[in-house]
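Source file: coords_34.txt. Holds: compact mmCIF, C-alpha atoms.
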# COMPACT_ATOMS: atom_id res chain seq x y z
CA MET A 1 26.90 -109.46 -77.00
CA SER A 2 27.89 -108.51 -73.44
CA LYS A 3 25.68 -109.33 -70.48
CA GLU A 4 25.51 -105.59 -69.72
CA LEU A 5 23.96 -104.87 -73.13
CA ASN A 6 21.63 -107.82 -72.67
CA THR A 7 20.49 -106.39 -69.32
CA LEU A 8 20.03 -102.91 -70.81
CA LEU A 9 17.86 -104.23 -73.66
CA ILE A 10 15.64 -106.30 -71.36
CA THR A 11 15.20 -103.41 -68.91
CA LEU A 12 14.59 -100.95 -71.75
CA TYR A 13 12.03 -103.22 -73.41
CA VAL A 14 10.02 -103.62 -70.21
CA TYR A 15 10.09 -99.88 -69.52
CA LEU A 16 9.06 -98.96 -73.06
CA ASP A 17 6.32 -101.57 -73.29
CA ASP A 18 4.85 -100.96 -69.82
CA CYS A 19 5.40 -97.24 -69.24
CA VAL A 20 6.41 -95.25 -72.31
CA LEU A 21 4.38 -96.53 -75.27
CA PRO A 22 1.02 -96.70 -73.45
CA GLY A 23 1.60 -93.16 -72.17
CA LEU A 24 2.22 -91.96 -75.73
CA GLY A 25 -1.01 -93.53 -76.90
CA TRP A 26 0.99 -96.11 -78.86
CA SER A 27 0.04 -99.77 -79.03
CA ARG A 28 0.87 -102.78 -81.16
CA ASP A 29 -2.36 -102.42 -83.13
CA HIS A 30 -2.19 -98.68 -83.87
CA VAL A 31 -1.58 -99.24 -87.59
CA ARG A 32 -4.27 -100.49 -89.94
CA GLY A 33 -3.73 -103.81 -91.61
CA ARG A 34 -1.80 -106.83 -90.44
CA LYS A 35 -0.18 -106.45 -87.04
CA PRO A 36 3.64 -106.22 -87.38
CA ILE A 37 5.46 -109.24 -86.01
CA LEU A 38 8.15 -106.94 -84.56
CA SER A 39 6.57 -104.73 -81.90
CA ASP A 40 7.40 -101.05 -81.50
CA ALA A 41 9.26 -101.71 -78.24
CA GLU A 42 11.33 -104.42 -79.95
CA LEU A 43 12.07 -102.08 -82.86
CA LEU A 44 13.36 -99.38 -80.50
CA CYS A 45 15.51 -101.88 -78.59
CA LEU A 46 16.87 -103.26 -81.84
CA ALA A 47 17.83 -99.74 -83.00
CA ALA A 48 19.51 -99.00 -79.65
CA ALA A 49 21.50 -102.24 -79.81
CA GLN A 50 22.65 -101.54 -83.38
CA HIS A 51 24.19 -98.20 -82.54
CA LEU A 52 25.55 -99.13 -79.13
CA LEU A 53 27.46 -101.87 -80.95
CA GLY A 54 28.66 -99.29 -83.50
CA ILE A 55 27.24 -101.01 -86.60
CA ALA A 56 26.36 -98.23 -89.03
CA SER A 57 25.20 -100.40 -91.95
CA GLU A 58 21.60 -101.62 -91.64
CA ARG A 59 22.32 -104.55 -93.96
CA ARG A 60 25.27 -105.67 -91.84
CA TRP A 61 23.23 -105.12 -88.68
CA ILE A 62 20.40 -107.42 -89.80
CA ARG A 63 22.94 -110.15 -90.60
CA TYR A 64 24.52 -109.68 -87.17
CA ALA A 65 21.15 -109.68 -85.37
CA ARG A 66 19.99 -112.86 -87.10
CA THR A 67 23.19 -114.59 -86.03
CA HIS A 68 23.63 -113.28 -82.49
CA LEU A 69 20.27 -111.91 -81.32
CA ALA A 70 17.77 -114.44 -82.66
CA GLY A 71 16.89 -115.46 -79.10
CA MET A 72 15.85 -111.91 -78.18
CA PHE A 73 14.40 -110.88 -81.55
CA PRO A 74 13.06 -114.03 -83.26
CA TYR A 75 11.00 -112.10 -85.85
CA LEU A 76 13.36 -109.93 -87.88
CA SER A 77 12.52 -108.36 -91.22
CA GLY A 78 15.05 -107.77 -93.98
CA GLN A 79 17.23 -104.69 -94.25
CA SER A 80 14.71 -102.85 -96.42
CA GLY A 81 11.79 -103.55 -94.10
CA TYR A 82 13.80 -102.59 -91.03
CA GLY A 83 14.85 -99.27 -92.59
CA LYS A 84 11.32 -98.43 -93.77
CA ARG A 85 9.90 -99.23 -90.34
CA LEU A 86 12.43 -96.97 -88.61
CA ARG A 87 11.69 -94.10 -90.96
CA ARG A 88 7.95 -94.56 -90.42
CA GLN A 89 8.39 -94.60 -86.64
CA ALA A 90 10.91 -91.73 -86.41
CA GLY A 91 8.38 -89.66 -84.48
CA LEU A 92 8.01 -92.45 -81.95
CA VAL A 93 11.80 -92.64 -81.55
CA ALA A 94 11.95 -88.90 -80.85
CA ALA A 95 9.11 -89.16 -78.31
CA ALA A 96 10.85 -92.08 -76.58
CA ILE A 97 14.04 -89.99 -76.23
CA THR A 98 12.07 -87.33 -74.35
CA ALA A 99 10.42 -89.99 -72.17
CA LEU A 100 13.82 -91.40 -71.16
CA ALA A 101 15.15 -87.88 -70.50
CA ARG A 102 12.24 -87.17 -68.15
CA ASP A 103 13.02 -90.33 -66.19
CA VAL A 104 16.59 -89.45 -65.10
CA PRO A 105 17.54 -87.29 -62.07
CA SER A 106 19.35 -84.70 -64.21
CA TRP A 107 16.00 -83.75 -65.75
CA GLY A 108 15.33 -81.69 -62.64
CA GLY A 109 18.78 -80.08 -62.71
CA ASP A 110 19.41 -76.41 -63.40
CA LEU A 111 22.17 -76.78 -66.02
CA ARG A 112 21.70 -77.30 -69.76
CA LEU A 113 24.17 -77.27 -72.66
CA ILE A 114 23.55 -76.08 -76.23
CA ASP A 115 25.66 -76.43 -79.35
CA SER A 116 25.60 -77.80 -82.89
CA THR A 117 27.75 -80.16 -84.93
CA PRO A 118 27.98 -81.09 -88.65
CA VAL A 119 26.09 -84.07 -90.06
CA PRO A 120 27.70 -84.60 -93.49
CA CYS A 121 25.54 -86.29 -96.14
CA ALA A 122 27.77 -86.37 -99.25
CA ALA A 123 31.47 -86.13 -100.02
CA SER A 124 31.56 -85.39 -103.75
CA ARG A 125 29.99 -82.92 -106.14
CA GLN A 126 28.40 -85.75 -108.13
CA ALA A 127 26.73 -87.16 -105.00
CA VAL A 128 25.45 -83.69 -104.06
CA GLU A 129 23.90 -83.19 -107.51
CA ARG A 130 22.17 -86.59 -107.48
CA SER A 131 21.07 -86.53 -103.83
CA ALA A 132 17.40 -86.50 -102.83
CA LEU A 133 18.50 -84.05 -100.13
CA ALA A 134 19.17 -81.29 -102.68
CA GLY A 135 17.24 -78.20 -101.72
CA GLN A 136 17.19 -79.09 -98.02
CA ALA A 137 20.82 -79.86 -97.17
CA GLY A 138 23.54 -77.29 -97.85
CA TYR A 139 27.18 -76.37 -97.52
CA GLY A 140 28.63 -75.30 -94.19
CA TYR A 141 31.98 -74.77 -92.51
CA CYS A 142 33.09 -76.67 -89.42
CA ARG A 143 35.36 -74.38 -87.39
CA SER A 144 36.41 -77.17 -85.03
CA HIS A 145 37.90 -79.27 -87.84
CA HIS A 146 38.57 -76.45 -90.34
CA ARG A 147 36.68 -78.13 -93.15
CA TRP A 148 33.70 -77.61 -95.43
CA PHE A 149 30.91 -80.18 -95.55
CA TRP A 150 27.57 -80.71 -97.30
CA GLY A 151 24.60 -81.83 -95.26
CA PHE A 152 22.92 -80.60 -92.09
CA ARG A 153 23.84 -79.47 -88.61
CA LEU A 154 22.56 -81.26 -85.53
CA TYR A 155 21.39 -78.77 -82.91
CA LEU A 156 21.40 -80.25 -79.41
CA PHE A 157 20.03 -78.98 -76.11
CA CYS A 158 21.03 -81.49 -73.44
CA THR A 159 21.78 -82.18 -69.78
CA PRO A 160 25.41 -82.05 -68.51
CA GLU A 161 25.91 -85.79 -69.04
CA GLY A 162 24.57 -85.58 -72.61
CA MET A 163 20.93 -86.69 -72.28
CA PRO A 164 19.10 -85.12 -75.27
CA VAL A 165 16.27 -82.79 -74.25
CA VAL A 166 15.59 -80.81 -77.46
CA TRP A 167 17.23 -81.48 -80.81
CA GLY A 168 16.77 -80.82 -84.50
CA LEU A 169 18.41 -80.76 -87.92
CA ALA A 170 18.77 -77.66 -90.10
CA ARG A 171 20.72 -76.32 -93.06
CA PRO A 172 24.25 -75.21 -92.10
CA GLY A 173 23.69 -71.76 -93.59
CA LEU A 174 21.12 -70.84 -90.97
CA GLY A 175 22.32 -69.02 -87.86
CA GLU A 176 22.71 -71.03 -84.66
CA ARG A 177 20.78 -68.50 -82.63
CA GLU A 178 17.87 -68.45 -85.06
CA VAL A 179 17.63 -72.26 -85.15
CA PHE A 180 17.75 -72.60 -81.37
CA GLU A 181 15.16 -69.86 -80.99
CA ALA A 182 12.82 -71.87 -83.21
CA LEU A 183 13.53 -75.14 -81.38
CA LEU A 184 13.17 -73.73 -77.88
CA ALA A 185 10.10 -71.70 -78.81
CA ARG A 186 8.47 -74.89 -80.08
CA ASP A 187 9.44 -76.89 -76.96
CA HIS A 188 9.39 -74.04 -74.44
CA ASP A 189 7.82 -76.35 -71.86
CA LEU A 190 11.13 -78.26 -71.72
CA VAL A 191 12.95 -75.17 -70.45
CA ARG A 192 12.37 -74.51 -66.76
CA ALA A 193 12.58 -71.16 -65.01
CA GLY A 194 15.90 -70.70 -63.22
CA GLN A 195 17.91 -72.96 -65.52
CA VAL A 196 21.39 -71.94 -66.67
CA ILE A 197 22.06 -72.60 -70.35
CA VAL A 198 25.72 -72.79 -71.36
CA GLY A 199 26.72 -72.11 -74.97
CA ASP A 200 29.75 -70.90 -76.91
CA LYS A 201 30.66 -67.45 -78.23
CA GLY A 202 28.45 -67.96 -81.26
CA PHE A 203 25.41 -67.33 -79.08
CA ALA A 204 26.47 -63.76 -78.31
CA GLY A 205 23.71 -61.25 -78.96
CA LYS A 206 21.28 -59.19 -76.94
CA ASP A 207 18.24 -60.52 -78.79
CA PHE A 208 19.10 -64.16 -78.10
CA GLU A 209 19.90 -63.44 -74.45
CA ALA A 210 16.57 -61.64 -74.15
CA PHE A 211 14.82 -64.63 -75.73
CA ILE A 212 16.39 -67.02 -73.19
CA ALA A 213 15.50 -64.64 -70.37
CA GLY A 214 11.92 -64.63 -71.64
CA LEU A 215 11.85 -68.39 -71.06
CA GLY A 216 12.90 -67.78 -67.46
CA ALA A 217 16.44 -69.12 -67.97
CA VAL A 218 19.90 -67.50 -68.06
CA LEU A 219 22.36 -67.78 -70.95
CA VAL A 220 26.00 -68.20 -69.94
CA ARG A 221 28.73 -68.12 -72.60
CA PRO A 222 32.49 -67.38 -72.83
CA ASP A 223 33.40 -63.71 -72.81
CA ARG A 224 34.36 -62.09 -76.09
CA ARG A 225 37.46 -59.90 -76.32
CA ASP A 226 35.47 -56.78 -77.12
CA GLU A 227 33.15 -56.88 -74.10
CA THR A 228 33.30 -56.48 -70.34
CA PRO A 229 34.33 -59.76 -68.65
CA ARG A 230 31.41 -61.62 -67.08
CA PHE A 231 31.81 -65.40 -67.11
CA GLY A 232 35.41 -66.11 -68.20
CA SER A 233 36.38 -68.74 -70.76
CA LEU A 234 34.20 -71.59 -69.37
CA GLY A 235 36.66 -73.97 -70.99
CA SER A 236 36.04 -76.97 -68.74
CA ILE A 237 32.25 -76.74 -69.04
CA ARG A 238 32.42 -76.23 -72.81
CA GLN A 239 34.33 -79.50 -73.08
CA TRP A 240 31.25 -81.35 -71.80
CA ILE A 241 29.22 -80.69 -74.95
CA GLU A 242 32.25 -81.42 -77.14
CA SER A 243 32.63 -84.80 -75.45
CA VAL A 244 28.94 -85.52 -76.09
CA PHE A 245 29.45 -84.90 -79.82
CA ASP A 246 32.62 -86.99 -79.69
CA THR A 247 30.58 -89.91 -78.32
CA LEU A 248 27.95 -89.47 -81.04
CA LYS A 249 30.56 -89.40 -83.80
CA GLY A 250 33.03 -91.92 -82.45
CA GLN A 251 31.03 -94.68 -80.76
CA LEU A 252 27.62 -94.03 -82.33
CA THR A 253 28.87 -93.39 -85.91
CA LEU A 254 26.87 -90.17 -86.42
CA GLU A 255 28.85 -89.11 -89.49
CA SER A 256 28.38 -92.56 -91.09
CA HIS A 257 24.58 -92.43 -90.89
CA GLY A 258 24.08 -93.30 -94.57
CA GLY A 259 20.82 -91.34 -94.93
CA ARG A 260 19.91 -90.46 -98.53
CA SER A 261 16.57 -88.72 -98.00
CA PRO A 262 15.29 -86.19 -95.43
CA ALA A 263 13.27 -88.89 -93.67
CA GLY A 264 16.23 -91.27 -93.74
CA VAL A 265 18.68 -88.76 -92.25
CA TYR A 266 16.20 -87.77 -89.53
CA ALA A 267 15.43 -91.39 -88.59
CA ARG A 268 19.09 -92.41 -88.46
CA VAL A 269 20.10 -89.42 -86.34
CA ALA A 270 17.12 -90.02 -84.05
CA ALA A 271 18.12 -93.68 -83.63
CA ARG A 272 21.64 -92.71 -82.55
CA LEU A 273 20.34 -90.15 -80.08
CA PHE A 274 17.95 -92.78 -78.75
CA ALA A 275 20.85 -95.21 -78.24
CA LEU A 276 22.73 -92.51 -76.32
CA ALA A 277 19.64 -91.70 -74.23
CA ALA A 278 19.04 -95.39 -73.48
CA ALA A 279 22.63 -95.88 -72.26
CA ILE A 280 22.53 -92.77 -70.06
CA TRP A 281 19.12 -93.76 -68.69
CA HIS A 282 20.36 -97.27 -67.81
CA ASN A 283 23.60 -95.92 -66.28
CA TRP A 284 21.52 -93.73 -63.97
CA LEU A 285 19.38 -96.76 -63.13
CA ILE A 286 22.36 -98.91 -62.10
CA ASN A 287 24.19 -95.92 -60.54
CA ALA A 288 27.18 -96.19 -62.87
CA PRO A 289 29.89 -93.62 -62.02
CA ARG A 290 30.10 -92.29 -65.60
CA LYS A 291 26.63 -91.71 -66.95
CA ARG A 292 27.60 -91.35 -70.62
CA SER A 293 29.98 -94.30 -70.74
CA LEU A 294 29.08 -96.82 -73.45
CA THR A 295 32.03 -99.15 -72.92
CA ALA A 296 29.99 -101.84 -71.17
CA TYR A 297 27.55 -102.01 -74.09
CA ASP A 298 29.74 -101.75 -77.20
CA HIS A 299 30.82 -105.40 -77.54
Could you write out this file's structure as structure tokens?
Amino acid sequence: MSKELNTLLITLYVYLDDCVLPGLGWSRDHVRGRKPILSDAELLCLAAAQHLLGIASERRWIRYARTHLAGMFPYLSGQSGYGKRLRRQAGLVAAAITALARDVPSWGGDLRLIDSTPVPCAASRQAVERSALAGQAGYGYCRSHHRWFWGFRLYLFCTPEGMPVVWGLARPGLGEREVFEALLARDHDLVRAGQVIVGDKGFAGKDFEAFIAGLGAVLVRPDRRDETPRFGSLGSIRQWIESVFDTLKGQLTLESHGGRSPAGVYARVAARLFALAAAIWHNWLINAPRKRSLTAYDH
């Protein structure tokens, strides 16, 4: 493990334990019964380390952690216990993502990006029929890669460098505008008046633009061929959100999440977003030139 990742985990642990978890009303003794030997802050740091190192398999990760991270995490459960604990604490992981987002300078910025990307959950008809996700996941088409998939779509509302602000999972058959309306209506306090929200052509529509305007923000998207030019192609800005998804899929193994239940998929996606948020947060802290770069932490 690199010294940069070691520094990130120590800094993250102190921040979570001293500032984030107490503010969320979370403590080591919040669960009835025997106190867990692995604290919540340690669990979050362990999840961040797993995905920053690009280890998708929880079984392989526990073997790796017992060999290389025993000094930092002396009390490690087995693969089953680790997975169950993450699923049980998925809400805490999501809350910690928001806490990290609030602690970076870009939180006060006026630019936000929105888009969605596929989260495949099965690759064969037999797996689809046996899956515990049947009835919640569905088929969808990925225009970027010209392929069909079965699973969910990840809907992400983030800062320009990729810090997650609002996110959620939904069936691919639902419209992007409808899903984002539901997400932003639920977390309307995370949208500030005067912000500019950049999306793609799929967000065209007077109703959605009126909804964003009702939040006090402005929707900016590429012009369609059948309308009066307003903003141009926005190609360079649109690449920012694509590069965020590329980081999630390439370095953080989003499409290899391995979730087999709704709770499992949600927890595994949340853990990867938390790893991304932790790296961006730490890069702001040390004033790294590229805020979304994970290179220093992936070995």
### Summary
Of A:Lys201, A:Arg290, A:Lys249, A:His282, the one sitting nearest Asp223 (chain A) when using all atoms listed in the file is A:Lys201
#### Entry: Minimum-distance residue to Glu181 (chain A), chosen among A:Glu161, A:Ala210, A:Ser131, A:Gln89 (using all atoms listed in the file)
A:Ala210
Would you give me, as CSV, each residue of region 173-227 of chain A having an atom within 9 Å of an atom of region 164-169 of chain A, along with its shortest atom pair and that distance in Å to one decimal, using all atoms listed in the file and sorting by chain and residue number?
residue,atom,partner,partner_atom,distance
A:Val179,CA,A:Gly168,CA,8.6
A:Phe180,CA,A:Gly168,CA,8.9
A:Leu183,CA,A:Val166,CA,7.2
A:Leu184,CA,A:Val166,CA,7.5
A:Asp187,CA,A:Val166,CA,7.3
A:Leu190,CA,A:Val165,CA,7.3
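Closest approach to Ser77 (chain A) among A:Ala65, A:Ala288, A:Ala123, A:Leu100 is made by A:Ala65 (distances from all atoms listed in the file).
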### Message
At a cut-off of 12 Å, using only C-alpha atoms, what residues contact Phe73 (chain A)? Leave out same-chain residues fewer than 3 positions from it and give the result as a ChimeraX atom specification.
### Response
/A:6,9-10,13,37-39,41-47,49,62,64-70,76-77
### Task
Could you tell me how far CA of Glu58 (chain A) lies from CA of Gly83 (chain A), in Å and to one decimal?
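According to the coordinates, CA of Glu58 (chain A) and CA of Gly83 (chain A) are separated by 7.2 Å.
Comparing A:Asp40, A:Asp103, A:Asp17, A:Asp110 by their smallest distance to Val218 (chain A), the closest is A:Asp110 (using all atoms listed in the file).
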### Task
Dump as a count of residues only all residues having an atom at most 8 Å from (33.7, -96.5, -90.9), computed in the file's coordinates with only C-alpha atoms.
3
### Query
To one decimal place, how far is CA of Asp18 (chain A) from CA of Leu285 (chain A) in Å?
16.5 Å
